[in-house]
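In what follows, a single structure is set out as structure tokens and then discussed.
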Amino acid sequence: MVKSKFILYLLYGMVFILMGAFACNKQEKEIRHIPLVRSLKYLAVFGISHGLSEWIAMIMIIGLYQEQYNYLYLINKFLKAISFAFLMYFGISLLPKKTRLNAFINKLPTILFFTWLILVIFQVSQNGISHLIANPQVNVYLLRYGMAVTGSVISAIALYKNAKILGDRNNLEAEKRYKRLANIFLLYGLVDGVLIEEKKFFPTNVINNSFLAEYSFGIKIINIVIGIGI
């Protein structure tokens, strides 16, 4: 069981790191005017930091550096927070229309990240890292629901809006690709933001991935496919 989890986390992390590296390399000057290409730097940070967080989780699962488990947990969550913040930046940077809310929307990833960081620091200073691990509400509500789901939805909306613009310009092939990518991000938000491990508080005690785990349909396999899809 531990061996299979090790392989899944190894592959999952590798796929997202490679996706981030791929995004880093797609910065040719002749196509920098395309909004999606300009936004790939945010996607690159998302992919690399997300992949590294999964490798940290892999180290924790196999029991390597067991005496440093609490600190590895903090590093894992910090990398997760960075990745979800840059996923939000990716989506926000792709939004084609400027509104009065833009100033707030542009700051939203930073606000959520530092809100999470302050709460974690406060909780650790008051009760210790073990208490944070045993009471993961801050990580679930802010990281998963507040940042991962929101970032995925914003990215999907932005891609759909760009797809419509491309469709109006009769660029039908690009329109289809943008819509496919939007659907992948919606799926990512569902899988990595909503269908998480069951906890004793709402809504994870109702909405979780226990059904998939029960039938040995690993959620990480879906995540690997999503990373490849992106």
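Every chain in the structure tokens takes a letter, A first, then B, and so on in the order presented; its residues are numbered from 1, and the ligands are numbered from 1 following the presented order.
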Which region 73-105 of chain A residues have any atom within 7 Å of an atom of region 48-53 of chain A, and for each, what is the nearest pair of atoms with distance in Å to one decimal, counting only C-alpha atoms, rows sorted by chain and number, as CSV?
residue,atom,partner,partner_atom,distance
A:Asn76,CA,A:Ser53,CA,4.8
A:Leu79,CA,A:Ser53,CA,5.4
A:Lys80,CA,A:His50,CA,5.8
A:Ile82,CA,A:Ser49,CA,6.7
A:Ser83,CA,A:His50,CA,5.2
So that I can check the surroundings of region 140-147 of chain A, please list as a PDB file with all heavy atoms, in the first residue's frame every protein, DNA and RNA residue that reaches within 8 Å of it, counting only C-alpha atoms and ignoring chain neighbours fewer than 6 positions away.
ATOM      1  N   LYS A  80       1.809  24.305  -1.102  1.00  0.00           N
ATOM      2  CA  LYS A  80       0.436  24.233  -1.596  1.00  0.00           C
ATOM      3  C   LYS A  80      -0.156  25.639  -1.699  1.00  0.00           C
ATOM      4  O   LYS A  80      -0.808  25.984  -2.689  1.00  0.00           O
ATOM      5  CB  LYS A  80      -0.420  23.386  -0.650  1.00  0.00           C
ATOM      6  CG  LYS A  80      -0.297  21.892  -0.858  1.00  0.00           C
ATOM      7  CD  LYS A  80      -1.324  21.394  -1.862  1.00  0.00           C
ATOM      8  CE  LYS A  80      -1.412  19.887  -1.814  1.00  0.00           C
ATOM      9  NZ  LYS A  80      -0.333  19.221  -2.525  1.00  0.00           N
ATOM     10  N   ALA A  81       0.058  26.440  -0.653  1.00  0.00           N
ATOM     11  CA  ALA A  81      -0.477  27.804  -0.647  1.00  0.00           C
ATOM     12  C   ALA A  81       0.106  28.627  -1.791  1.00  0.00           C
ATOM     13  O   ALA A  81      -0.621  29.364  -2.477  1.00  0.00           O
ATOM     14  CB  ALA A  81      -0.176  28.476   0.696  1.00  0.00           C
ATOM     15  N   PHE A  84      -1.533  27.367  -5.143  1.00  0.00           N
ATOM     16  CA  PHE A  84      -2.922  27.785  -5.336  1.00  0.00           C
ATOM     17  C   PHE A  84      -3.024  29.289  -5.576  1.00  0.00           C
ATOM     18  O   PHE A  84      -3.882  29.749  -6.336  1.00  0.00           O
ATOM     19  CB  PHE A  84      -3.768  27.373  -4.139  1.00  0.00           C
ATOM     20  CG  PHE A  84      -3.904  25.884  -3.969  1.00  0.00           C
ATOM     21  CD1 PHE A  84      -4.070  25.318  -2.706  1.00  0.00           C
ATOM     22  CD2 PHE A  84      -3.859  25.029  -5.056  1.00  0.00           C
ATOM     23  CE1 PHE A  84      -4.196  23.946  -2.539  1.00  0.00           C
ATOM     24  CE2 PHE A  84      -3.972  23.650  -4.914  1.00  0.00           C
ATOM     25  CZ  PHE A  84      -4.151  23.117  -3.647  1.00  0.00           C
ATOM     26  N   ALA A  85      -2.144  30.071  -4.921  1.00  0.00           N
ATOM     27  CA  ALA A  85      -2.138  31.520  -5.142  1.00  0.00           C
ATOM     28  C   ALA A  85      -1.780  31.829  -6.596  1.00  0.00           C
ATOM     29  O   ALA A  85      -2.416  32.681  -7.240  1.00  0.00           O
ATOM     30  CB  ALA A  85      -1.150  32.197  -4.196  1.00  0.00           C
ATOM     31  N   MET A  88      -4.549  31.130  -8.989  1.00  0.00           N
ATOM     32  CA  MET A  88      -5.476  32.260  -9.024  1.00  0.00           C
ATOM     33  C   MET A  88      -4.927  33.397  -9.881  1.00  0.00           C
ATOM     34  O   MET A  88      -5.652  34.005 -10.673  1.00  0.00           O
ATOM     35  CB  MET A  88      -5.758  32.755  -7.609  1.00  0.00           C
ATOM     36  CG  MET A  88      -6.516  31.763  -6.737  1.00  0.00           C
ATOM     37  SD  MET A  88      -6.872  32.410  -5.093  1.00  0.00           S
ATOM     38  CE  MET A  88      -8.145  33.596  -5.483  1.00  0.00           C
ATOM     39  N   PRO A 109      -5.521  36.819  -4.474  1.00  0.00           N
ATOM     40  CA  PRO A 109      -4.587  35.734  -4.108  1.00  0.00           C
ATOM     41  C   PRO A 109      -3.664  36.126  -2.957  1.00  0.00           C
ATOM     42  O   PRO A 109      -3.413  35.310  -2.058  1.00  0.00           O
ATOM     43  CB  PRO A 109      -3.799  35.499  -5.399  1.00  0.00           C
ATOM     44  CG  PRO A 109      -4.660  36.037  -6.483  1.00  0.00           C
ATOM     45  CD  PRO A 109      -5.388  37.192  -5.889  1.00  0.00           C
ATOM     46  N   LEU A 112      -5.717  36.196   0.388  1.00  0.00           N
ATOM     47  CA  LEU A 112      -6.001  34.851   0.885  1.00  0.00           C
ATOM     48  C   LEU A 112      -4.734  34.165   1.386  1.00  0.00           C
ATOM     49  O   LEU A 112      -4.752  33.488   2.425  1.00  0.00           O
ATOM     50  CB  LEU A 112      -6.656  34.016  -0.215  1.00  0.00           C
ATOM     51  CG  LEU A 112      -8.101  34.376  -0.560  1.00  0.00           C
ATOM     52  CD1 LEU A 112      -8.574  33.586  -1.773  1.00  0.00           C
ATOM     53  CD2 LEU A 112      -9.024  34.114   0.624  1.00  0.00           C
ATOM     54  N   TRP A 116      -4.176  33.105   5.287  1.00  0.00           N
ATOM     55  CA  TRP A 116      -3.824  31.727   5.664  1.00  0.00           C
ATOM     56  C   TRP A 116      -2.538  31.703   6.479  1.00  0.00           C
ATOM     57  O   TRP A 116      -2.467  31.049   7.530  1.00  0.00           O
ATOM     58  CB  TRP A 116      -3.663  30.874   4.404  1.00  0.00           C
ATOM     59  CG  TRP A 116      -3.044  29.542   4.682  1.00  0.00           C
ATOM     60  CD1 TRP A 116      -3.664  28.415   5.155  1.00  0.00           C
ATOM     61  CD2 TRP A 116      -1.650  29.196   4.554  1.00  0.00           C
ATOM     62  NE1 TRP A 116      -2.752  27.395   5.325  1.00  0.00           N
ATOM     63  CE2 TRP A 116      -1.514  27.846   4.961  1.00  0.00           C
ATOM     64  CE3 TRP A 116      -0.531  29.891   4.133  1.00  0.00           C
ATOM     65  CZ2 TRP A 116      -0.287  27.186   4.946  1.00  0.00           C
ATOM     66  CZ3 TRP A 116       0.695  29.239   4.127  1.00  0.00           C
ATOM     67  CH2 TRP A 116       0.803  27.902   4.530  1.00  0.00           C
ATOM     68  N   ASP A 192      -9.142  18.340  -6.593  1.00  0.00           N
ATOM     69  CA  ASP A 192      -8.131  18.722  -5.603  1.00  0.00           C
ATOM     70  C   ASP A 192      -8.638  19.753  -4.607  1.00  0.00           C
ATOM     71  O   ASP A 192      -7.992  20.004  -3.590  1.00  0.00           O
ATOM     72  CB  ASP A 192      -6.886  19.270  -6.308  1.00  0.00           C
ATOM     73  CG  ASP A 192      -5.608  18.863  -5.595  1.00  0.00           C
ATOM     74  OD1 ASP A 192      -5.587  17.786  -4.978  1.00  0.00           O
ATOM     75  OD2 ASP A 192      -4.627  19.630  -5.647  1.00  0.00           O
ATOM     76  N   GLY A 193      -9.800  20.347  -4.902  1.00  0.00           N
ATOM     77  CA  GLY A 193     -10.338  21.348  -3.990  1.00  0.00           C
ATOM     78  C   GLY A 193     -11.521  20.875  -3.184  1.00  0.00           C
ATOM     79  O   GLY A 193     -11.686  21.259  -2.024  1.00  0.00           O
ATOM     80  N   VAL A 194     -12.351  20.018  -3.771  1.00  0.00           N
ATOM     81  CA  VAL A 194     -13.596  19.583  -3.114  1.00  0.00           C
ATOM     82  C   VAL A 194     -13.506  18.143  -2.637  1.00  0.00           C
ATOM     83  O   VAL A 194     -13.826  17.835  -1.491  1.00  0.00           O
ATOM     84  CB  VAL A 194     -14.801  19.760  -4.067  1.00  0.00           C
ATOM     85  CG1 VAL A 194     -16.084  19.272  -3.397  1.00  0.00           C
ATOM     86  CG2 VAL A 194     -14.947  21.219  -4.484  1.00  0.00           C
TER      87      VAL A 194
END
Could you check how far CA of Phe16 (chain A) sits from CA of Gly47 (chain A), in Å to one decimal?
-> 4.7 Å
Selection near Ile62 (chain A), 8 Å with only C-alpha atoms, sequence-local residues under 3 positions removed, as a VMD selection string = chain A and resid 2 to 3 6 58 to 59
Go ahead and save the picked residues with N, CA, C and O atoms, as an mmCIF file, in the first residue's frame.
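Heads up, here's the output in result_17.cif:
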data_model
loop_
_atom_site.group_PDB
_atom_site.id
_atom_site.type_symbol
_atom_site.label_atom_id
_atom_site.label_comp_id
_atom_site.auth_asym_id
_atom_site.auth_seq_id
_atom_site.Cartn_x
_atom_site.Cartn_y
_atom_site.Cartn_z
ATOM 1 N N VAL A 2 1.888 1.260 0.893
ATOM 2 C CA VAL A 2 2.795 2.404 0.963
ATOM 3 C C VAL A 2 3.568 2.557 -0.342
ATOM 4 O O VAL A 2 3.769 3.674 -0.843
ATOM 5 N N LYS A 3 3.982 1.403 -0.930
ATOM 6 C CA LYS A 3 4.729 1.436 -2.186
ATOM 7 C C LYS A 3 3.899 2.036 -3.312
ATOM 8 O O LYS A 3 4.394 2.845 -4.106
ATOM 9 N N PHE A 6 3.610 5.713 -2.818
ATOM 10 C CA PHE A 6 4.882 6.343 -3.161
ATOM 11 C C PHE A 6 4.969 6.580 -4.665
ATOM 12 O O PHE A 6 5.323 7.677 -5.119
ATOM 13 N N MET A 58 5.044 12.763 -0.368
ATOM 14 C CA MET A 58 5.581 11.416 -0.621
ATOM 15 C C MET A 58 6.618 11.046 0.442
ATOM 16 O O MET A 58 6.611 9.921 0.965
ATOM 17 N N ILE A 59 7.499 11.982 0.777
ATOM 18 C CA ILE A 59 8.509 11.745 1.807
ATOM 19 C C ILE A 59 7.845 11.459 3.151
ATOM 20 O O ILE A 59 8.272 10.584 3.909
#
Selected residue, from A:Leu159, A:Met14, A:Leu74, A:Ile92, that lies nearest to Ala174 (chain A) when counting only C-alpha atoms | A:Leu159
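Of the listed residues (A:Ala163, A:Val15, A:Leu195, A:Met60), A:Val15 comes nearest to Val225 (chain A); the distances count only C-alpha atoms.
Atom to atom, CA of Arg169 (chain A) and CA of Leu95 (chain A) stand 17.6 Å apart.
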So how many Å separate CA of Phe78 (chain A) and CA of Leu117 (chain A), to one decimal?
->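 Between CA of Phe78 (chain A) and CA of Leu117 (chain A) the gap works out to 8.2 Å.
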